[in-house]
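*Asks:* File target-v3.cif follows (mmCIF, N, CA and C atoms):
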data_work
#
loop_
_atom_site.label_atom_id
_atom_site.label_comp_id
_atom_site.auth_asym_id
_atom_site.auth_seq_id
_atom_site.Cartn_x
_atom_site.Cartn_y
_atom_site.Cartn_z
N MET A 1 25.29 6.61 -34.71
CA MET A 1 25.56 6.42 -33.29
C MET A 1 24.56 7.21 -32.45
N ARG A 2 24.30 8.43 -32.89
CA ARG A 2 23.38 9.29 -32.15
C ARG A 2 21.96 8.70 -32.14
N ARG A 3 21.52 8.14 -33.27
CA ARG A 3 20.19 7.52 -33.35
C ARG A 3 20.08 6.31 -32.43
N LEU A 4 21.14 5.53 -32.37
CA LEU A 4 21.15 4.35 -31.50
C LEU A 4 21.03 4.76 -30.03
N LEU A 5 21.74 5.78 -29.64
CA LEU A 5 21.66 6.28 -28.26
C LEU A 5 20.28 6.82 -27.95
N LEU A 6 19.71 7.57 -28.88
CA LEU A 6 18.37 8.11 -28.69
C LEU A 6 17.34 6.99 -28.59
N ALA A 7 17.46 5.97 -29.42
CA ALA A 7 16.54 4.83 -29.38
C ALA A 7 16.67 4.08 -28.05
N ALA A 8 17.88 3.91 -27.57
CA ALA A 8 18.10 3.21 -26.30
C ALA A 8 17.50 3.99 -25.13
N LEU A 9 17.55 5.32 -25.19
CA LEU A 9 16.98 6.14 -24.13
C LEU A 9 15.46 6.21 -24.21
N ALA A 10 14.90 6.16 -25.41
CA ALA A 10 13.45 6.28 -25.60
C ALA A 10 12.72 4.96 -25.39
N ALA A 11 13.38 3.84 -25.56
CA ALA A 11 12.73 2.53 -25.49
C ALA A 11 12.00 2.28 -24.17
N PRO A 12 12.61 2.52 -23.00
CA PRO A 12 11.87 2.25 -21.76
C PRO A 12 10.62 3.11 -21.60
N VAL A 13 10.67 4.34 -22.08
CA VAL A 13 9.51 5.23 -21.98
C VAL A 13 8.38 4.73 -22.88
N LEU A 14 8.72 4.33 -24.10
CA LEU A 14 7.71 3.88 -25.05
C LEU A 14 7.13 2.52 -24.68
N MET A 15 7.88 1.71 -23.96
CA MET A 15 7.42 0.37 -23.60
C MET A 15 6.74 0.33 -22.23
N ALA A 16 6.70 1.44 -21.53
CA ALA A 16 6.11 1.45 -20.20
C ALA A 16 4.60 1.21 -20.30
N GLY A 17 4.10 0.42 -19.38
CA GLY A 17 2.68 0.14 -19.31
C GLY A 17 2.14 0.50 -17.94
N PRO A 18 0.87 0.24 -17.72
CA PRO A 18 0.30 0.56 -16.41
C PRO A 18 0.88 -0.34 -15.32
N ALA A 19 1.04 0.22 -14.14
CA ALA A 19 1.56 -0.55 -13.01
C ALA A 19 0.42 -1.36 -12.39
N GLU A 20 0.66 -2.61 -12.16
CA GLU A 20 -0.32 -3.46 -11.50
C GLU A 20 0.27 -3.91 -10.18
N ALA A 21 0.26 -3.00 -9.23
CA ALA A 21 0.92 -3.24 -7.96
C ALA A 21 -0.08 -3.62 -6.88
N HIS A 22 0.45 -4.20 -5.81
CA HIS A 22 -0.34 -4.46 -4.62
C HIS A 22 -0.22 -3.25 -3.70
N PHE A 23 -1.26 -2.94 -2.97
CA PHE A 23 -1.26 -1.85 -2.03
C PHE A 23 -1.63 -2.38 -0.65
N GLN A 24 -0.99 -1.85 0.38
CA GLN A 24 -1.28 -2.23 1.76
C GLN A 24 -2.50 -1.45 2.24
N LEU A 25 -3.47 -2.16 2.78
CA LEU A 25 -4.67 -1.54 3.33
C LEU A 25 -4.76 -1.89 4.81
N VAL A 26 -4.90 -0.88 5.65
CA VAL A 26 -5.15 -1.08 7.08
C VAL A 26 -6.62 -0.73 7.27
N TYR A 27 -7.42 -1.72 7.66
CA TYR A 27 -8.87 -1.56 7.72
C TYR A 27 -9.39 -1.80 9.12
N THR A 28 -10.37 -1.00 9.51
CA THR A 28 -11.10 -1.25 10.75
C THR A 28 -12.58 -0.96 10.52
N PRO A 29 -13.46 -1.81 11.01
CA PRO A 29 -14.89 -1.53 10.88
C PRO A 29 -15.35 -0.46 11.87
N GLU A 30 -14.55 -0.20 12.90
CA GLU A 30 -14.89 0.78 13.92
C GLU A 30 -14.29 2.13 13.56
N VAL A 31 -15.03 2.99 12.86
CA VAL A 31 -14.48 4.27 12.44
C VAL A 31 -14.85 5.42 13.37
N ASN A 32 -15.96 5.32 14.07
CA ASN A 32 -16.39 6.35 15.01
C ASN A 32 -16.39 5.76 16.41
N LEU A 33 -15.35 6.05 17.17
CA LEU A 33 -15.21 5.48 18.51
C LEU A 33 -15.91 6.36 19.54
N GLU A 34 -16.60 5.73 20.46
CA GLU A 34 -17.27 6.45 21.55
C GLU A 34 -16.28 6.88 22.62
N GLN A 35 -15.27 6.03 22.87
CA GLN A 35 -14.27 6.32 23.89
C GLN A 35 -12.94 5.69 23.49
N PRO A 36 -11.83 6.15 24.07
CA PRO A 36 -10.52 5.56 23.74
C PRO A 36 -10.47 4.09 24.12
N GLY A 37 -9.72 3.33 23.36
CA GLY A 37 -9.56 1.91 23.66
C GLY A 37 -8.90 1.19 22.50
N ASP A 38 -8.87 -0.12 22.58
CA ASP A 38 -8.30 -0.94 21.52
C ASP A 38 -9.18 -0.88 20.28
N VAL A 39 -8.54 -0.82 19.13
CA VAL A 39 -9.24 -0.77 17.85
C VAL A 39 -8.82 -1.99 17.04
N PRO A 40 -9.77 -2.83 16.63
CA PRO A 40 -9.41 -3.99 15.81
C PRO A 40 -9.00 -3.54 14.40
N LEU A 41 -7.88 -4.07 13.90
CA LEU A 41 -7.37 -3.72 12.58
C LEU A 41 -7.22 -4.97 11.73
N GLY A 42 -7.43 -4.82 10.46
CA GLY A 42 -7.15 -5.87 9.49
C GLY A 42 -6.11 -5.36 8.51
N LEU A 43 -5.14 -6.18 8.16
CA LEU A 43 -4.10 -5.82 7.20
C LEU A 43 -4.30 -6.64 5.93
N TYR A 44 -4.39 -5.96 4.79
CA TYR A 44 -4.67 -6.62 3.53
C TYR A 44 -3.78 -6.08 2.43
N PHE A 45 -3.49 -6.92 1.44
CA PHE A 45 -2.90 -6.52 0.17
C PHE A 45 -4.03 -6.57 -0.85
N TRP A 46 -4.10 -5.57 -1.74
CA TRP A 46 -5.16 -5.60 -2.73
C TRP A 46 -4.83 -4.73 -3.92
N HIS A 47 -5.68 -4.79 -4.94
CA HIS A 47 -5.58 -3.99 -6.16
C HIS A 47 -6.73 -2.99 -6.16
N PRO A 48 -6.52 -1.77 -5.65
CA PRO A 48 -7.64 -0.83 -5.52
C PRO A 48 -8.20 -0.34 -6.85
N MET A 49 -7.38 -0.25 -7.88
CA MET A 49 -7.87 0.26 -9.16
C MET A 49 -8.83 -0.72 -9.82
N GLU A 50 -8.70 -1.99 -9.49
CA GLU A 50 -9.57 -3.01 -10.06
C GLU A 50 -10.70 -3.37 -9.11
N ASN A 51 -10.67 -2.82 -7.89
CA ASN A 51 -11.59 -3.24 -6.84
C ASN A 51 -11.56 -4.76 -6.75
N GLY A 52 -10.35 -5.27 -6.78
CA GLY A 52 -10.15 -6.71 -6.93
C GLY A 52 -9.98 -7.46 -5.63
N HIS A 53 -9.40 -8.61 -5.77
CA HIS A 53 -9.22 -9.57 -4.69
C HIS A 53 -8.34 -8.99 -3.58
N ALA A 54 -8.80 -9.07 -2.34
CA ALA A 54 -8.01 -8.63 -1.18
C ALA A 54 -7.43 -9.87 -0.50
N MET A 55 -6.14 -9.81 -0.20
CA MET A 55 -5.45 -10.94 0.41
C MET A 55 -5.11 -10.61 1.86
N ASP A 56 -5.55 -11.43 2.79
CA ASP A 56 -5.30 -11.23 4.21
C ASP A 56 -3.81 -11.39 4.49
N MET A 57 -3.25 -10.46 5.26
CA MET A 57 -1.83 -10.51 5.58
C MET A 57 -1.54 -11.31 6.85
N GLY A 58 -2.56 -11.61 7.62
CA GLY A 58 -2.31 -12.32 8.87
C GLY A 58 -1.80 -11.37 9.94
N GLN A 59 -1.38 -11.92 11.05
CA GLN A 59 -0.92 -11.10 12.17
C GLN A 59 0.55 -10.72 11.98
N PRO A 60 0.89 -9.42 12.07
CA PRO A 60 2.29 -9.01 11.90
C PRO A 60 3.11 -9.31 13.14
N GLU A 61 4.43 -9.36 12.96
CA GLU A 61 5.32 -9.55 14.11
C GLU A 61 5.30 -8.33 15.02
N ALA A 62 5.18 -7.14 14.42
CA ALA A 62 5.14 -5.90 15.20
C ALA A 62 4.39 -4.84 14.40
N LEU A 63 3.72 -3.95 15.11
CA LEU A 63 3.02 -2.84 14.48
C LEU A 63 3.07 -1.66 15.43
N ALA A 64 3.54 -0.52 14.96
CA ALA A 64 3.68 0.66 15.83
C ALA A 64 3.34 1.91 15.03
N CYS A 65 2.90 2.92 15.73
CA CYS A 65 2.65 4.24 15.17
C CYS A 65 3.78 5.16 15.65
N HIS A 66 4.40 5.87 14.73
CA HIS A 66 5.50 6.77 15.08
C HIS A 66 5.03 8.20 15.00
N PHE A 67 5.21 8.96 16.10
CA PHE A 67 4.81 10.36 16.15
C PHE A 67 5.88 11.15 16.88
N LYS A 68 6.47 12.11 16.16
CA LYS A 68 7.53 12.96 16.71
C LYS A 68 8.65 12.15 17.35
N GLY A 69 9.07 11.09 16.65
CA GLY A 69 10.20 10.29 17.12
C GLY A 69 9.85 9.26 18.16
N GLU A 70 8.61 9.19 18.60
CA GLU A 70 8.22 8.22 19.64
C GLU A 70 7.35 7.13 19.00
N ALA A 71 7.69 5.88 19.26
CA ALA A 71 6.92 4.75 18.76
C ALA A 71 5.86 4.33 19.78
N ILE A 72 4.63 4.22 19.33
CA ILE A 72 3.52 3.78 20.19
C ILE A 72 3.09 2.43 19.69
N ASP A 73 3.19 1.40 20.51
CA ASP A 73 2.84 0.03 20.13
C ASP A 73 1.32 -0.10 20.05
#
Taking this structure as input, can you express it in the form of structure tokens?
*Replies:*
Amino acid sequence: MRRLLLAALAAPVLMAGPAEAHFQLVYTPEVNLEQPGDVPLGLYFWHPMENGHAMDMGQPEALACHFKGEAID
């Protein structure tokens, strides 16, 4: 019984493989701004470990930055 329990607990650890997840990337070509203003952003899903295919997310319904409890659109 004890061996069966140990095997059941060890199986997920021994069978674990590398994660192949998508990561959200917020990209802008304008990194050094001369003055305050609107900044164009691109939203992408991609596989950074593979330097692989990036998929455009399109325009979101809403996007805000939260700082000290205040949302800035």
*Asks:* Ranking A:Ala64, A:Asn32, A:Gly69, A:Gln24 by minimum distance to A:His47 and counting all atoms listed in the file, which one comes first?
*Replies:* A:Gln24
*Asks:* Using only N, CA and C atoms, find the one residue out of A:Leu25, A:Glu34, A:Glu61, A:His66 that sits nearest to A:Trp46.
*Replies:*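 Closest residue, counting only N, CA and C atoms: A:Leu25.
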*Asks:* Please measure the separation of atom CA of A:Asp73 and atom CA of A:Gln35, giving the value in Å to one decimal.
*Replies:*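 Separating atom CA of A:Asp73 from atom CA of A:Gln35 is a distance of 18.6 Å.
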*Asks:* What gap, in Å, lies between atom N of A:Leu41 and atom CA of A:Tyr27?
*Replies:*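 We find that atom N of A:Leu41 and atom CA of A:Tyr27 lie 6.7 Å from each other.
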*Asks:* Which one is closest to A:Phe23: A:Pro60, A:Phe45, A:Val39, A:Glu70? Count all atoms listed in the file.
*Replies:*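 Distance minimum relative to A:Phe23 lands on A:Phe45.
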*Asks:* Could you state the separation of atom CA of A:Phe67 and atom CA of A:Val26 in Å, given to one decimal place?
*Replies:* 17.7 Å
*Asks:* Using all atoms listed in the file, find the one residue out of A:Glu30, A:Arg2, A:Cys65, A:Gly58 that sits nearest to A:Leu43.
*Replies:*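 Using all atoms listed in the file, A:Leu43 sits closest to A:Gly58.
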*Asks:* Could you pull stretch 46-68 of chain A out of the block above and give me N, CA, C and O atoms, as a PDB file, in the first residue's frame?
*Replies:*
ATOM      1  N   TRP A  46       3.333  34.985 -28.005  1.00  0.00           N
ATOM      2  CA  TRP A  46       4.463  34.355 -28.670  1.00  0.00           C
ATOM      3  C   TRP A  46       5.156  33.358 -27.768  1.00  0.00           C
ATOM      4  O   TRP A  46       4.830  33.216 -26.605  1.00  0.00           O
ATOM      5  N   HIS A  47       6.125  32.641 -28.324  1.00  0.00           N
ATOM      6  CA  HIS A  47       6.952  31.664 -27.619  1.00  0.00           C
ATOM      7  C   HIS A  47       8.366  32.234 -27.535  1.00  0.00           C
ATOM      8  O   HIS A  47       9.166  32.041 -28.439  1.00  0.00           O
ATOM      9  N   PRO A  48       8.718  32.937 -26.448  1.00  0.00           N
ATOM     10  CA  PRO A  48      10.025  33.597 -26.396  1.00  0.00           C
ATOM     11  C   PRO A  48      11.206  32.631 -26.336  1.00  0.00           C
ATOM     12  O   PRO A  48      12.279  32.957 -26.826  1.00  0.00           O
ATOM     13  N   MET A  49      11.035  31.465 -25.750  1.00  0.00           N
ATOM     14  CA  MET A  49      12.159  30.537 -25.639  1.00  0.00           C
ATOM     15  C   MET A  49      12.547  29.965 -26.995  1.00  0.00           C
ATOM     16  O   MET A  49      13.674  29.554 -27.203  1.00  0.00           O
ATOM     17  N   GLU A  50      11.615  29.936 -27.924  1.00  0.00           N
ATOM     18  CA  GLU A  50      11.883  29.413 -29.258  1.00  0.00           C
ATOM     19  C   GLU A  50      12.164  30.534 -30.248  1.00  0.00           C
ATOM     20  O   GLU A  50      12.487  30.265 -31.392  1.00  0.00           O
ATOM     21  N   ASN A  51      12.002  31.795 -29.805  1.00  0.00           N
ATOM     22  CA  ASN A  51      12.054  32.939 -30.709  1.00  0.00           C
ATOM     23  C   ASN A  51      11.131  32.655 -31.892  1.00  0.00           C
ATOM     24  O   ASN A  51      11.486  32.870 -33.042  1.00  0.00           O
ATOM     25  N   GLY A  52       9.964  32.154 -31.555  1.00  0.00           N
ATOM     26  CA  GLY A  52       9.055  31.622 -32.558  1.00  0.00           C
ATOM     27  C   GLY A  52       8.023  32.608 -33.065  1.00  0.00           C
ATOM     28  O   GLY A  52       8.146  33.817 -32.926  1.00  0.00           O
ATOM     29  N   HIS A  53       6.992  32.040 -33.617  1.00  0.00           N
ATOM     30  CA  HIS A  53       5.920  32.769 -34.276  1.00  0.00           C
ATOM     31  C   HIS A  53       5.192  33.679 -33.282  1.00  0.00           C
ATOM     32  O   HIS A  53       4.806  33.254 -32.206  1.00  0.00           O
ATOM     33  N   ALA A  54       5.023  34.946 -33.646  1.00  0.00           N
ATOM     34  CA  ALA A  54       4.264  35.898 -32.830  1.00  0.00           C
ATOM     35  C   ALA A  54       2.883  36.074 -33.450  1.00  0.00           C
ATOM     36  O   ALA A  54       2.761  36.251 -34.655  1.00  0.00           O
ATOM     37  N   MET A  55       1.853  36.000 -32.617  1.00  0.00           N
ATOM     38  CA  MET A  55       0.479  36.103 -33.097  1.00  0.00           C
ATOM     39  C   MET A  55      -0.117  37.431 -32.634  1.00  0.00           C
ATOM     40  O   MET A  55      -0.104  37.731 -31.444  1.00  0.00           O
ATOM     41  N   ASP A  56      -0.606  38.226 -33.570  1.00  0.00           N
ATOM     42  CA  ASP A  56      -1.201  39.519 -33.265  1.00  0.00           C
ATOM     43  C   ASP A  56      -2.490  39.316 -32.488  1.00  0.00           C
ATOM     44  O   ASP A  56      -3.320  38.492 -32.849  1.00  0.00           O
ATOM     45  N   MET A  57      -2.660  40.091 -31.418  1.00  0.00           N
ATOM     46  CA  MET A  57      -3.851  39.972 -30.590  1.00  0.00           C
ATOM     47  C   MET A  57      -4.986  40.876 -31.051  1.00  0.00           C
ATOM     48  O   MET A  57      -6.099  40.753 -30.596  1.00  0.00           O
ATOM     49  N   GLY A  58      -4.696  41.818 -31.920  1.00  0.00           N
ATOM     50  CA  GLY A  58      -5.745  42.741 -32.341  1.00  0.00           C
ATOM     51  C   GLY A  58      -5.976  43.811 -31.283  1.00  0.00           C
ATOM     52  O   GLY A  58      -5.235  43.939 -30.321  1.00  0.00           O
ATOM     53  N   GLN A  59      -7.006  44.593 -31.479  1.00  0.00           N
ATOM     54  CA  GLN A  59      -7.291  45.690 -30.554  1.00  0.00           C
ATOM     55  C   GLN A  59      -8.093  45.178 -29.353  1.00  0.00           C
ATOM     56  O   GLN A  59      -9.124  44.539 -29.506  1.00  0.00           O
ATOM     57  N   PRO A  60      -7.632  45.477 -28.118  1.00  0.00           N
ATOM     58  CA  PRO A  60      -8.365  45.011 -26.937  1.00  0.00           C
ATOM     59  C   PRO A  60      -9.603  45.860 -26.684  1.00  0.00           C
ATOM     60  O   PRO A  60      -9.710  46.984 -27.172  1.00  0.00           O
ATOM     61  N   GLU A  61     -10.535  45.308 -25.911  1.00  0.00           N
ATOM     62  CA  GLU A  61     -11.725  46.073 -25.522  1.00  0.00           C
ATOM     63  C   GLU A  61     -11.349  47.215 -24.584  1.00  0.00           C
ATOM     64  O   GLU A  61     -11.930  48.287 -24.637  1.00  0.00           O
ATOM     65  N   ALA A  62     -10.369  46.970 -23.711  1.00  0.00           N
ATOM     66  CA  ALA A  62      -9.917  47.999 -22.764  1.00  0.00           C
ATOM     67  C   ALA A  62      -8.471  47.712 -22.384  1.00  0.00           C
ATOM     68  O   ALA A  62      -8.045  46.561 -22.356  1.00  0.00           O
ATOM     69  N   LEU A  63      -7.735  48.773 -22.097  1.00  0.00           N
ATOM     70  CA  LEU A  63      -6.357  48.651 -21.645  1.00  0.00           C
ATOM     71  C   LEU A  63      -6.080  49.801 -20.692  1.00  0.00           C
ATOM     72  O   LEU A  63      -6.338  50.957 -21.019  1.00  0.00           O
ATOM     73  N   ALA A  64      -5.605  49.496 -19.496  1.00  0.00           N
ATOM     74  CA  ALA A  64      -5.354  50.535 -18.490  1.00  0.00           C
ATOM     75  C   ALA A  64      -4.108  50.189 -17.703  1.00  0.00           C
ATOM     76  O   ALA A  64      -3.740  49.023 -17.567  1.00  0.00           O
ATOM     77  N   CYS A  65      -3.467  51.198 -17.180  1.00  0.00           N
ATOM     78  CA  CYS A  65      -2.325  51.059 -16.286  1.00  0.00           C
ATOM     79  C   CYS A  65      -2.811  51.395 -14.882  1.00  0.00           C
ATOM     80  O   CYS A  65      -3.451  52.430 -14.679  1.00  0.00           O
ATOM     81  N   HIS A  66      -2.525  50.530 -13.927  1.00  0.00           N
ATOM     82  CA  HIS A  66      -2.958  50.754 -12.546  1.00  0.00           C
ATOM     83  C   HIS A  66      -1.762  51.155 -11.702  1.00  0.00           C
ATOM     84  O   HIS A  66      -0.751  50.459 -11.674  1.00  0.00           O
ATOM     85  N   PHE A  67      -1.876  52.298 -11.005  1.00  0.00           N
ATOM     86  CA  PHE A  67      -0.807  52.792 -10.146  1.00  0.00           C
ATOM     87  C   PHE A  67      -1.413  53.349  -8.878  1.00  0.00           C
ATOM     88  O   PHE A  67      -2.220  54.286  -8.926  1.00  0.00           O
ATOM     89  N   LYS A  68      -1.037  52.736  -7.749  1.00  0.00           N
ATOM     90  CA  LYS A  68      -1.539  53.139  -6.427  1.00  0.00           C
ATOM     91  C   LYS A  68      -3.062  53.225  -6.386  1.00  0.00           C
ATOM     92  O   LYS A  68      -3.643  54.186  -5.897  1.00  0.00           O
TER      93      LYS A  68
END
